[in-house]
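Each remark here refers to the structure printed beneath this line.
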Amino acid sequence: MQVPAARIVFSADDRAEIAGAVSEILASGALTLGRHTKEFEAAFAAAHDAPYAVAVSSGTAALEIILRTLDVAGGDVIVPTNTFAATGYAVLRAGATPVFADVEPDTFALSRATVEAALTPNTRAVVGVHIGGLIAPDIGELTAMLDERGIVFVEDAAHAHGSKHEGRYAGSFGAAGAFSFYPTKVITSGEGGMIVTSDERIRDEALIYRDQGKAGFLGNVHIKQGYAWRMSEPHAVTGTVHLRHLPEFLAVRRRVAARYDAALAGSEGFDVVGAGSVSNYYKYLLMPQPGIDRARLKKELKERHGVSLSGEVYEAPLHQQPVFESYARGGLPVAEDLCARHVCLPVHSDMTDEEADHVIAALAATYQTLALDR
Ligand SMILES: Cc1ncc(COP(=O)(O)O)c(C=O)c1O
């Protein structure tokens with residue numbers, strides 16, 4: 001049996017519906033920021049209990065626009081070092097300096113303590129990342145501390161479609177949340193991003209930024225330095241159709257994760273990350289014991305068992321990436337260890353129990369081989 005790293009699920013009915021809608025869009029000539037964009041925004045906001053949603057061209061754009069509406073230029077913005085480069089880029093492009101912080105080993109996320117260790121006199125905002133779709137159960141302690149200090153919290157929710165903690169969805173813990181619809185994400189529009197917020201001012205400014213800073217769609221008065229961050233109508237309709245399946249995709253992903261949890265509980269070789277938390281399982285995070293060679297584990301799983309692990313989140317922390325070299329301020333040991341060791345088991349929105357069981361058996365067999373060789 002072959003289990004790929006990711007599978008992007010569009011049923012034949014969905015593909016036919018999208019093709020029909022794209023044909024109508026092309027015939028109408030209304031190709032961008034039209035009816036379908038509004039529908040996608042309304043549906044996404046409803047699915048996340050969010051008062052407002054603004055569709056944009058990517059998750060990176062969503063994050064940069066939020067940071068621009070918060071006027072962080074000239075200040076420091078704390079980000080976890082174990083994130084995608086786009087989180088750091090958005091901070092830089094919004095005119096701020098990224099300050100990389102360490103994270104907690106059991107959530108892969110920032111906490112009150114790790115942010116306090118990274119605070120500077122110039123800290124304007126903190127971007128929390130729900131890595132793999134996991135909302136850290138102690139997020140409330142972090143946001144309470146930031147509120148006391150008057151520092152804004154922003155969520156990079158690129159991984160966290162439908163993730164919930166204590167009845168609240170990702171995107172509702174800070175001033176605004178940025179989602180990505182890149183193809184491998186739980187919901188995709190091909191390319192795209194979404195800003196969710198309960199702040200009317202952020203919503204209004206985001207609408208201006210995404211369309212070249214124009215005061216209105218039809219006018220030509222530019223009041224902010226925006227960009228071509230619009231979402232096209234074919235992308236929007238693709239996202240709307242995919243989003244309808246969010247509840248069933250989450251149910252499948254959680255069923256697979258529960259199977260992995262049950263098989264790995266008490267395992268001597270691996271620690272499950274975030275066990276007991278509620279995630280959308282964009283990624284199923286696992287920490288092999290120290291000394292297990294990750295590259296070899298992945299190679300054996302693929303070559304002997306046909307199991308491809310999903311990509312790490314992330315293989316190298318940003319403070320060790322060449323492009324961010326000048327922003328590094330010393331070691332961040334927890335994140336360095338997580339990045340070096342963790343693996344992500346494959347989870348698909350249409351994964352069968354047989355596939356999940358094959359992954360479990362392959363992992364156990366491979367661990368035995370590697371442990372014997374140690
Ligand atoms: C944590 C994180 N932030 C931001 C992004 C950027 O999203 P996009 O690729 O849609 O620009 C991604 C995308 O993979 C991501 O994983």
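In the structure tokens, chains take letters A, B, ... by order of appearance, with residues numbered from 1 within each chain and ligands from 1 in the order shown.
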
Contacts of region 245-254 of chain A within 7 Å, only C-alpha atoms, excl. fewer than 6 positions in-chain, as a PDB file with C-alpha atoms, in the first residue's frame:
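To be explicit, this is the file written out as around_0.pdb:
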```
ATOM      1  CA  ASN A 280      -7.782  20.164  13.082  1.00  0.00           C
ATOM      2  CA  TYR A 281      -4.855  17.777  12.504  1.00  0.00           C
ATOM      3  CA  VAL A 347      -3.261  12.763   7.513  1.00  0.00           C
ATOM      4  CA  HIS A 348      -5.632  13.224   4.566  1.00  0.00           C
ATOM      5  CA  SER A 349      -9.183  14.520   4.557  1.00  0.00           C
ATOM      6  CA  ASP A 350     -10.335  11.222   2.974  1.00  0.00           C
ATOM      7  CA  MET A 351      -7.925   8.838   4.716  1.00  0.00           C
TER       8      MET A 351
END
```

Find the residues near Ser198 (chain A): any atom within 8 Å, counting only C-alpha atoms, skip ones fewer than 6 places away on the same chain, and give them as a JSON list (two decimals) with C-alpha atoms, in the first residue's frame.
```json
[["chain", "number", "residue", "atom", "x", "y", "z"],
["A", 50, "ALA", "CA", -16.01, 35.62, 13.07],
["A", 51, "PRO", "CA", -17.79, 38.95, 12.64],
["A", 52, "TYR", "CA", -15.73, 39.88, 9.56],
["A", 172, "SER", "CA", -10.59, 34.86, 17.64],
["A", 175, "ALA", "CA", -6.79, 41.33, 17.00],
["A", 176, "ALA", "CA", -7.05, 39.30, 13.79]]
```

Quiz item: Please, which residues of region 30-71 of chain A, numbered as in this document, come out alpha helix (DSSP H) from DSSP, as a ChimeraX atom specification?
Solution: /A:35-47,59-69

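For the choices A:Ala12, A:Val154, A:Ala262, A:Ala361, the atom-to-atom distance to Thr69 (chain A) is smallest for A:Val154 when using only C-alpha atoms.
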
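Between CA of Gly133 (chain A) and CA of Tyr282 (chain A) lies a distance of 5.4 Å.
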
Exercise. Considering only C-alpha atoms, return as a PyMOL selection string whatever protein or nucleic-acid residues lie within 8 Å of region 224-238 of chain A, sequence-local ones (same chain, fewer than 5 positions apart) excluded.
Key: chain A and resi 18+21-22+25+30-37+40+55-58+61+188-192+208-214

Can those selected residues be exported to a file as a tab-separated table (two decimals), in the first residue's frame so that it contains C-alpha atoms?
```
chain	number	residue	atom	x	y	z
A	18	ILE	CA	-16.30	24.59	-9.86
A	21	ALA	CA	-18.99	28.31	-11.99
A	22	VAL	CA	-15.66	29.25	-13.62
A	25	ILE	CA	-17.40	33.78	-14.26
A	30	ALA	CA	-16.54	39.78	-13.39
A	31	LEU	CA	-13.23	38.05	-12.66
A	32	THR	CA	-12.07	39.53	-9.40
A	33	LEU	CA	-13.53	40.80	-6.10
A	34	GLY	CA	-17.06	39.90	-7.12
A	35	ARG	CA	-20.01	37.90	-5.87
A	36	HIS	CA	-18.02	34.72	-5.23
A	37	THR	CA	-15.43	36.54	-3.13
A	40	PHE	CA	-16.51	32.93	0.34
A	55	ALA	CA	-10.36	37.36	1.26
A	56	VAL	CA	-6.90	38.06	-0.16
A	57	SER	CA	-4.38	36.51	-2.53
A	58	SER	CA	-2.40	34.45	0.02
A	61	ALA	CA	-0.68	38.77	2.25
A	188	THR	CA	-7.76	25.30	-0.34
A	189	SER	CA	-8.80	27.74	-3.03
A	190	GLY	CA	-5.73	26.94	-5.16
A	191	GLU	CA	-3.97	29.99	-3.78
A	192	GLY	CA	-5.46	32.47	-1.38
A	208	ILE	CA	-8.37	49.15	1.22
A	209	TYR	CA	-4.92	47.53	1.44
A	210	ARG	CA	-5.83	44.48	-0.64
A	211	ASP	CA	-6.83	46.59	-3.63
A	212	GLN	CA	-3.82	48.87	-4.12
A	213	GLY	CA	-4.80	51.12	-1.22
A	214	LYS	CA	-7.74	52.56	-3.15
```

Exercise. Would you mind writing down, as a PyMOL selection string, each residue of region 3-57 of chain A that DSSP on the backbone assigns to strand (DSSP E or B)?
Key: chain A and resi 3+32+52-56

Take the residues from that selection and write them out as an mmCIF file, in the first residue's frame, keeping C-alpha atoms.
```
data_model
loop_
_atom_site.group_PDB
_atom_site.id
_atom_site.type_symbol
_atom_site.label_atom_id
_atom_site.label_comp_id
_atom_site.auth_asym_id
_atom_site.auth_seq_id
_atom_site.Cartn_x
_atom_site.Cartn_y
_atom_site.Cartn_z
ATOM 1 C CA VAL A 3 0.329 6.359 1.544
ATOM 2 C CA THR A 32 -12.068 39.534 -9.400
ATOM 3 C CA TYR A 52 -15.732 39.878 9.556
ATOM 4 C CA ALA A 53 -13.625 38.103 6.933
ATOM 5 C CA VAL A 54 -11.594 39.611 4.082
ATOM 6 C CA ALA A 55 -10.362 37.361 1.257
ATOM 7 C CA VAL A 56 -6.904 38.056 -0.156
#
```

Quiz prompt | Distance filter 9 Å around ligand 1, atoms: only C-alpha atoms and all ligand atoms, out as a ChimeraX atom specification | solution = /A:57-63,82-88,90,129-132,156-159,178-185,191-193,313

Exercise. Find the distance between CA of Ala6 (chain A) and CA of Asp261 (chain A) and write it in Å to one decimal.
Key: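 If I compute the distance from CA of Ala6 (chain A) to CA of Asp261 (chain A), I get 19.4 Å.
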
Self-check item: Close residues, Phe324 (chain A) itself excluded, 10 Å, only C-alpha atoms, min 6 positions apart in chain, as a list in words
Solution: Ala85, Gly88, Tyr89, Pro98, Phe100, Pro317 and Leu318 of chain A

Quiz item: What is the distance, in Å and to one decimal place, between CA of Met287 (chain A) and CA of Cys344 (chain A)?
Solution: 8.8 Å

Applying 8 Å and only C-alpha atoms, which residues near region 332-340 of chain A remain after dropping the ones on its own chain fewer than 2 positions away? List them as a PDB file with N, CA and C atoms, in the first residue's frame.
```pdb
ATOM      1  N   THR A  81      10.237  30.991  16.415  1.00  0.00           N
ATOM      2  CA  THR A  81      11.266  30.715  15.408  1.00  0.00           C
ATOM      3  C   THR A  81      10.926  29.499  14.556  1.00  0.00           C
ATOM      4  N   ASN A  82      10.050  28.619  15.089  1.00  0.00           N
ATOM      5  CA  ASN A  82       9.675  27.416  14.325  1.00  0.00           C
ATOM      6  C   ASN A  82       8.415  27.708  13.517  1.00  0.00           C
ATOM      7  N   ALA A 101      11.441  34.008  18.905  1.00  0.00           N
ATOM      8  CA  ALA A 101      11.290  33.525  20.277  1.00  0.00           C
ATOM      9  C   ALA A 101      11.255  32.004  20.294  1.00  0.00           C
ATOM     10  N   ASP A 102      11.562  31.444  21.452  1.00  0.00           N
ATOM     11  CA  ASP A 102      11.493  29.994  21.636  1.00  0.00           C
ATOM     12  C   ASP A 102      10.046  29.583  21.931  1.00  0.00           C
ATOM     13  N   VAL A 103       9.803  28.290  21.974  1.00  0.00           N
ATOM     14  CA  VAL A 103       8.434  27.774  22.151  1.00  0.00           C
ATOM     15  C   VAL A 103       8.429  26.673  23.215  1.00  0.00           C
ATOM     16  N   GLU A 104       7.225  26.220  23.557  1.00  0.00           N
ATOM     17  CA  GLU A 104       7.072  25.146  24.550  1.00  0.00           C
ATOM     18  C   GLU A 104       7.163  23.789  23.848  1.00  0.00           C
ATOM     19  N   PRO A 105       7.797  22.810  24.508  1.00  0.00           N
ATOM     20  CA  PRO A 105       7.973  21.511  23.841  1.00  0.00           C
ATOM     21  C   PRO A 105       6.669  20.741  23.651  1.00  0.00           C
ATOM     22  N   PHE A 108       4.591  23.255  20.742  1.00  0.00           N
ATOM     23  CA  PHE A 108       5.336  23.845  19.616  1.00  0.00           C
ATOM     24  C   PHE A 108       5.000  25.339  19.473  1.00  0.00           C
ATOM     25  N   MET A 287       7.114  13.254  18.285  1.00  0.00           N
ATOM     26  CA  MET A 287       8.548  13.416  18.607  1.00  0.00           C
ATOM     27  C   MET A 287       9.171  12.045  18.823  1.00  0.00           C
ATOM     28  N   GLU A 312       7.824  18.582   7.476  1.00  0.00           N
ATOM     29  CA  GLU A 312       7.958  19.056   8.863  1.00  0.00           C
ATOM     30  C   GLU A 312       7.477  20.504   8.994  1.00  0.00           C
ATOM     31  N   VAL A 313       7.155  20.867  10.240  1.00  0.00           N
ATOM     32  CA  VAL A 313       6.755  22.265  10.521  1.00  0.00           C
ATOM     33  C   VAL A 313       7.577  22.798  11.708  1.00  0.00           C
ATOM     34  N   TYR A 314       8.854  23.094  11.563  1.00  0.00           N
ATOM     35  CA  TYR A 314       9.590  23.142  10.305  1.00  0.00           C
ATOM     36  C   TYR A 314      10.930  22.462  10.530  1.00  0.00           C
ATOM     37  N   GLU A 315      11.619  22.175   9.450  1.00  0.00           N
ATOM     38  CA  GLU A 315      12.860  21.415   9.559  1.00  0.00           C
ATOM     39  C   GLU A 315      13.971  22.250  10.212  1.00  0.00           C
ATOM     40  N   ALA A 316      13.978  23.557   9.901  1.00  0.00           N
ATOM     41  CA  ALA A 316      14.994  24.446  10.497  1.00  0.00           C
ATOM     42  C   ALA A 316      14.288  25.686  11.031  1.00  0.00           C
ATOM     43  N   PRO A 317      14.676  26.144  12.222  1.00  0.00           N
ATOM     44  CA  PRO A 317      14.057  27.364  12.761  1.00  0.00           C
ATOM     45  C   PRO A 317      14.520  28.597  11.985  1.00  0.00           C
ATOM     46  N   GLY A 330      21.057  34.690  19.125  1.00  0.00           N
ATOM     47  CA  GLY A 330      21.489  33.587  19.990  1.00  0.00           C
ATOM     48  C   GLY A 330      20.582  32.376  19.863  1.00  0.00           C
ATOM     49  N   HIS A 342      11.284  16.332  15.197  1.00  0.00           N
ATOM     50  CA  HIS A 342       9.885  15.910  15.036  1.00  0.00           C
ATOM     51  C   HIS A 342       9.593  15.373  13.637  1.00  0.00           C
TER      52      HIS A 342
END
```

Self-check item: Using only C-alpha atoms: which of A:Ala265, A:Val79, A:Leu207, A:Leu134 has the shortest distance to Ser279 (chain A)
Solution: A:Leu134

Any idea what's packed within 12 Å of Met1 (chain A), counting only C-alpha atoms, ignoring anything in its chain fewer than 5 positions away? Could you give it as a PDB file with N, CA and C atoms, in the first residue's frame?
```pdb
ATOM      1  N   LEU A 301      10.600   4.217   5.915  1.00  0.00           N
ATOM      2  CA  LEU A 301       9.135   4.191   5.809  1.00  0.00           C
ATOM      3  C   LEU A 301       8.699   4.238   4.348  1.00  0.00           C
ATOM      4  N   LYS A 302       9.372   5.066   3.589  1.00  0.00           N
ATOM      5  CA  LYS A 302       8.999   5.240   2.173  1.00  0.00           C
ATOM      6  C   LYS A 302       9.426   4.016   1.356  1.00  0.00           C
ATOM      7  N   GLU A 303      10.675   3.622   1.515  1.00  0.00           N
ATOM      8  CA  GLU A 303      11.195   2.581   0.624  1.00  0.00           C
ATOM      9  C   GLU A 303      10.675   1.193   0.977  1.00  0.00           C
ATOM     10  N   ARG A 304      10.517   0.906   2.276  1.00  0.00           N
ATOM     11  CA  ARG A 304      10.087  -0.451   2.654  1.00  0.00           C
ATOM     12  C   ARG A 304       8.588  -0.590   2.805  1.00  0.00           C
ATOM     13  N   HIS A 305       7.912   0.539   3.118  1.00  0.00           N
ATOM     14  CA  HIS A 305       6.482   0.424   3.442  1.00  0.00           C
ATOM     15  C   HIS A 305       5.586   1.325   2.584  1.00  0.00           C
ATOM     16  N   GLY A 306       6.171   2.137   1.713  1.00  0.00           N
ATOM     17  CA  GLY A 306       5.355   3.010   0.851  1.00  0.00           C
ATOM     18  C   GLY A 306       4.685   4.150   1.592  1.00  0.00           C
ATOM     19  N   VAL A 307       5.199   4.488   2.797  1.00  0.00           N
ATOM     20  CA  VAL A 307       4.586   5.558   3.600  1.00  0.00           C
ATOM     21  C   VAL A 307       5.438   6.820   3.504  1.00  0.00           C
ATOM     22  N   SER A 308       4.870   7.881   2.955  1.00  0.00           N
ATOM     23  CA  SER A 308       5.591   9.163   2.898  1.00  0.00           C
ATOM     24  C   SER A 308       5.116  10.025   4.048  1.00  0.00           C
ATOM     25  N   THR A 352      -8.439   6.479   4.863  1.00  0.00           N
ATOM     26  CA  THR A 352      -9.190   5.320   5.361  1.00  0.00           C
ATOM     27  C   THR A 352      -8.511   4.769   6.622  1.00  0.00           C
ATOM     28  N   GLU A 354      -7.732   1.745   6.964  1.00  0.00           N
ATOM     29  CA  GLU A 354      -6.701   0.813   6.488  1.00  0.00           C
ATOM     30  C   GLU A 354      -5.387   1.562   6.254  1.00  0.00           C
ATOM     31  N   GLU A 355      -5.500   2.733   5.665  1.00  0.00           N
ATOM     32  CA  GLU A 355      -4.276   3.525   5.435  1.00  0.00           C
ATOM     33  C   GLU A 355      -3.635   3.920   6.766  1.00  0.00           C
ATOM     34  N   ALA A 356      -4.468   4.363   7.704  1.00  0.00           N
ATOM     35  CA  ALA A 356      -3.930   4.770   9.008  1.00  0.00           C
ATOM     36  C   ALA A 356      -3.266   3.573   9.691  1.00  0.00           C
ATOM     37  N   ASP A 357      -3.906   2.408   9.609  1.00  0.00           N
ATOM     38  CA  ASP A 357      -3.330   1.216  10.247  1.00  0.00           C
ATOM     39  C   ASP A 357      -2.017   0.816   9.576  1.00  0.00           C
ATOM     40  N   HIS A 358      -1.953   1.016   8.264  1.00  0.00           N
ATOM     41  CA  HIS A 358      -0.706   0.712   7.555  1.00  0.00           C
ATOM     42  C   HIS A 358       0.425   1.628   8.045  1.00  0.00           C
ATOM     43  N   VAL A 359       0.103   2.914   8.247  1.00  0.00           N
ATOM     44  CA  VAL A 359       1.114   3.861   8.748  1.00  0.00           C
ATOM     45  C   VAL A 359       1.587   3.409  10.131  1.00  0.00           C
ATOM     46  N   ALA A 361       1.521   0.398  11.525  1.00  0.00           N
ATOM     47  CA  ALA A 361       2.321  -0.837  11.461  1.00  0.00           C
ATOM     48  C   ALA A 361       3.714  -0.529  10.892  1.00  0.00           C
ATOM     49  N   ALA A 362       3.754   0.320   9.868  1.00  0.00           N
ATOM     50  CA  ALA A 362       5.035   0.661   9.240  1.00  0.00           C
ATOM     51  C   ALA A 362       5.943   1.381  10.233  1.00  0.00           C
TER      52      ALA A 362
END
```

Exercise. Tell me which of A:Ala94, A:Ala73, A:Val99, A:Ala27 sits closest to Ala328 (chain A), counting only C-alpha atoms.
Key: A:Val99
